[in-house]
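I have placed the structure first, in the form of structure tokens, so that the comments after it can refer back to it.
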Amino acid sequence: MMGQAVMIRTKPKFATKNDEIIAGLREAAGAGPPIDPKMKVKRLTAEIAIQMAVLHGGEWRVEIDPEAGFVLVARRNRQRRFG
């Protein structure tokens, strides 16, 4: 398969522009909501996998092994058909 498009639809994070501005000000002041570090790592590695798919095509996977201190973003193996 040649190029595959990655389509992501998200709902707006904030209901209004004012809500977005206020959230930015709170975060800049250090009063933003707490962020779960595990979820942040998952989100950031997912973003890298998405960008790799946009740049290079194909499907990408993420593996995280905190015990080994290892993070992997790699292209999924393509299944080859023999016959």
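Identifiers for the structure tokens are assigned positionally: chains receive A, B, ... in sequence, residues are indexed from 1 per chain, and ligands are indexed from 1 in the order shown.
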
Q) Could you pull out the alpha helix (DSSP H) residues of chain A from DSSP and send them as a ChimeraX atom specification? A) /A:17-28,37-56

Write the residues you've just listed into a file as a JSON list (two decimals), in the first residue's frame, and include C-alpha atoms for each of them.
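Below you can see again.json, which holds the result:
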[["chain", "number", "residue", "atom", "x", "y", "z"],
["A", 17, "LYS", "CA", -11.44, 31.05, 23.83],
["A", 18, "ASN", "CA", -11.68, 32.66, 27.29],
["A", 19, "ASP", "CA", -11.53, 29.23, 28.94],
["A", 20, "GLU", "CA", -8.40, 28.47, 26.90],
["A", 21, "ILE", "CA", -6.76, 31.78, 27.92],
["A", 22, "ILE", "CA", -7.57, 31.25, 31.59],
["A", 23, "ALA", "CA", -6.19, 27.71, 31.51],
["A", 24, "GLY", "CA", -2.98, 29.02, 29.91],
["A", 25, "LEU", "CA", -2.61, 31.68, 32.59],
["A", 26, "ARG", "CA", -3.19, 29.15, 35.37],
["A", 27, "GLU", "CA", -0.59, 26.81, 33.91],
["A", 28, "ALA", "CA", 1.94, 29.64, 33.45],
["A", 37, "PRO", "CA", 3.60, 11.39, 34.31],
["A", 38, "LYS", "CA", 2.76, 7.94, 32.90],
["A", 39, "MET", "CA", -0.06, 9.37, 30.78],
["A", 40, "LYS", "CA", 2.17, 12.19, 29.58],
["A", 41, "VAL", "CA", 4.83, 9.71, 28.39],
["A", 42, "LYS", "CA", 2.15, 7.63, 26.62],
["A", 43, "ARG", "CA", 0.72, 10.74, 24.97],
["A", 44, "LEU", "CA", 4.11, 12.04, 23.82],
["A", 45, "THR", "CA", 5.24, 8.69, 22.41],
["A", 46, "ALA", "CA", 1.90, 8.31, 20.62],
["A", 47, "GLU", "CA", 2.41, 11.77, 19.10],
["A", 48, "ILE", "CA", 5.86, 10.69, 17.83],
["A", 49, "ALA", "CA", 4.38, 7.52, 16.30],
["A", 50, "ILE", "CA", 1.69, 9.59, 14.55],
["A", 51, "GLN", "CA", 4.24, 12.04, 13.17],
["A", 52, "MET", "CA", 6.42, 9.18, 11.91],
["A", 53, "ALA", "CA", 3.39, 7.79, 10.07],
["A", 54, "VAL", "CA", 2.72, 11.21, 8.57],
["A", 55, "LEU", "CA", 6.34, 11.66, 7.50],
["A", 56, "HIS", "CA", 7.19, 8.12, 6.40]]

Q | Near-A:Ile64 list (10 Å; only C-alpha atoms; drop same-chain fewer than 2 positions) as an MDAnalysis selection string | A | chainID A and resid 41:42 45 62 66:73

Keeping N, CA and C atoms, export the residues of the selection given above as an mmCIF file, in the first residue's frame.
data_model
loop_
_atom_site.group_PDB
_atom_site.id
_atom_site.type_symbol
_atom_site.label_atom_id
_atom_site.label_comp_id
_atom_site.auth_asym_id
_atom_site.auth_seq_id
_atom_site.Cartn_x
_atom_site.Cartn_y
_atom_site.Cartn_z
ATOM 1 N N VAL A 41 3.884 10.481 29.204
ATOM 2 C CA VAL A 41 4.826 9.707 28.386
ATOM 3 C C VAL A 41 4.070 8.967 27.288
ATOM 4 N N LYS A 42 2.948 8.342 27.621
ATOM 5 C CA LYS A 42 2.151 7.633 26.618
ATOM 6 C C LYS A 42 1.667 8.593 25.530
ATOM 7 N N THR A 45 4.753 9.732 23.312
ATOM 8 C CA THR A 45 5.238 8.690 22.408
ATOM 9 C C THR A 45 4.213 8.399 21.312
ATOM 10 N N VAL A 62 4.634 1.627 19.588
ATOM 11 C CA VAL A 62 5.396 2.180 20.712
ATOM 12 C C VAL A 62 5.558 1.089 21.764
ATOM 13 N N PRO A 66 10.085 0.724 31.422
ATOM 14 C CA PRO A 66 10.750 1.563 32.417
ATOM 15 C C PRO A 66 11.830 0.834 33.208
ATOM 16 N N GLU A 67 11.705 -0.481 33.355
ATOM 17 C CA GLU A 67 12.718 -1.246 34.087
ATOM 18 C C GLU A 67 14.052 -1.220 33.353
ATOM 19 N N ALA A 68 14.005 -1.307 32.022
ATOM 20 C CA ALA A 68 15.225 -1.303 31.217
ATOM 21 C C ALA A 68 15.622 0.119 30.810
ATOM 22 N N GLY A 69 14.746 1.094 31.089
ATOM 23 C CA GLY A 69 15.028 2.465 30.671
ATOM 24 C C GLY A 69 14.977 2.597 29.156
ATOM 25 N N PHE A 70 13.954 1.999 28.564
ATOM 26 C CA PHE A 70 13.903 1.854 27.112
ATOM 27 C C PHE A 70 12.562 2.328 26.560
ATOM 28 N N VAL A 71 12.623 3.167 25.521
ATOM 29 C CA VAL A 71 11.424 3.593 24.793
ATOM 30 C C VAL A 71 11.695 3.355 23.315
ATOM 31 N N LEU A 72 10.756 2.704 22.640
ATOM 32 C CA LEU A 72 10.915 2.379 21.232
ATOM 33 C C LEU A 72 9.709 2.870 20.448
ATOM 34 N N VAL A 73 9.981 3.549 19.347
ATOM 35 C CA VAL A 73 8.952 3.885 18.369
ATOM 36 C C VAL A 73 9.454 3.292 17.062
#

(Q) I'd like to know which residues of chain A are strand (DSSP E or B) (by DSSP, run on the backbone); could you write them as a ChimeraX atom specification? (A) /A:60-65,70-75

Any chance you can output those residues with N, CA and C atoms as an mmCIF file, in the first residue's frame?
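See result.cif below for the written result:
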data_model
loop_
_atom_site.group_PDB
_atom_site.id
_atom_site.type_symbol
_atom_site.label_atom_id
_atom_site.label_comp_id
_atom_site.auth_asym_id
_atom_site.auth_seq_id
_atom_site.Cartn_x
_atom_site.Cartn_y
_atom_site.Cartn_z
ATOM 1 N N TRP A 60 3.018 2.517 12.894
ATOM 2 C CA TRP A 60 4.107 2.576 13.864
ATOM 3 C C TRP A 60 3.604 2.108 15.215
ATOM 4 N N ARG A 61 4.515 1.528 15.990
ATOM 5 C CA ARG A 61 4.175 1.030 17.323
ATOM 6 C C ARG A 61 5.092 1.665 18.362
ATOM 7 N N VAL A 62 4.634 1.627 19.588
ATOM 8 C CA VAL A 62 5.396 2.180 20.712
ATOM 9 C C VAL A 62 5.558 1.089 21.764
ATOM 10 N N GLU A 63 6.767 0.943 22.271
ATOM 11 C CA GLU A 63 7.029 0.057 23.404
ATOM 12 C C GLU A 63 7.779 0.859 24.456
ATOM 13 N N ILE A 64 7.347 0.720 25.694
ATOM 14 C CA ILE A 64 7.982 1.428 26.810
ATOM 15 C C ILE A 64 8.314 0.405 27.884
ATOM 16 N N ASP A 65 9.586 0.351 28.290
ATOM 17 C CA ASP A 65 10.028 -0.553 29.348
ATOM 18 C C ASP A 65 10.791 0.266 30.381
ATOM 19 N N PHE A 70 13.954 1.999 28.564
ATOM 20 C CA PHE A 70 13.903 1.854 27.112
ATOM 21 C C PHE A 70 12.562 2.328 26.560
ATOM 22 N N VAL A 71 12.623 3.167 25.521
ATOM 23 C CA VAL A 71 11.424 3.593 24.793
ATOM 24 C C VAL A 71 11.695 3.355 23.315
ATOM 25 N N LEU A 72 10.756 2.704 22.640
ATOM 26 C CA LEU A 72 10.915 2.379 21.232
ATOM 27 C C LEU A 72 9.709 2.870 20.448
ATOM 28 N N VAL A 73 9.981 3.549 19.347
ATOM 29 C CA VAL A 73 8.952 3.885 18.369
ATOM 30 C C VAL A 73 9.454 3.292 17.062
ATOM 31 N N ALA A 74 8.766 2.277 16.545
ATOM 32 C CA ALA A 74 9.248 1.554 15.366
ATOM 33 C C ALA A 74 8.102 1.245 14.413
ATOM 34 N N ARG A 75 8.471 1.093 13.146
ATOM 35 C CA ARG A 75 7.484 0.705 12.146
ATOM 36 C C ARG A 75 7.030 -0.720 12.458
#
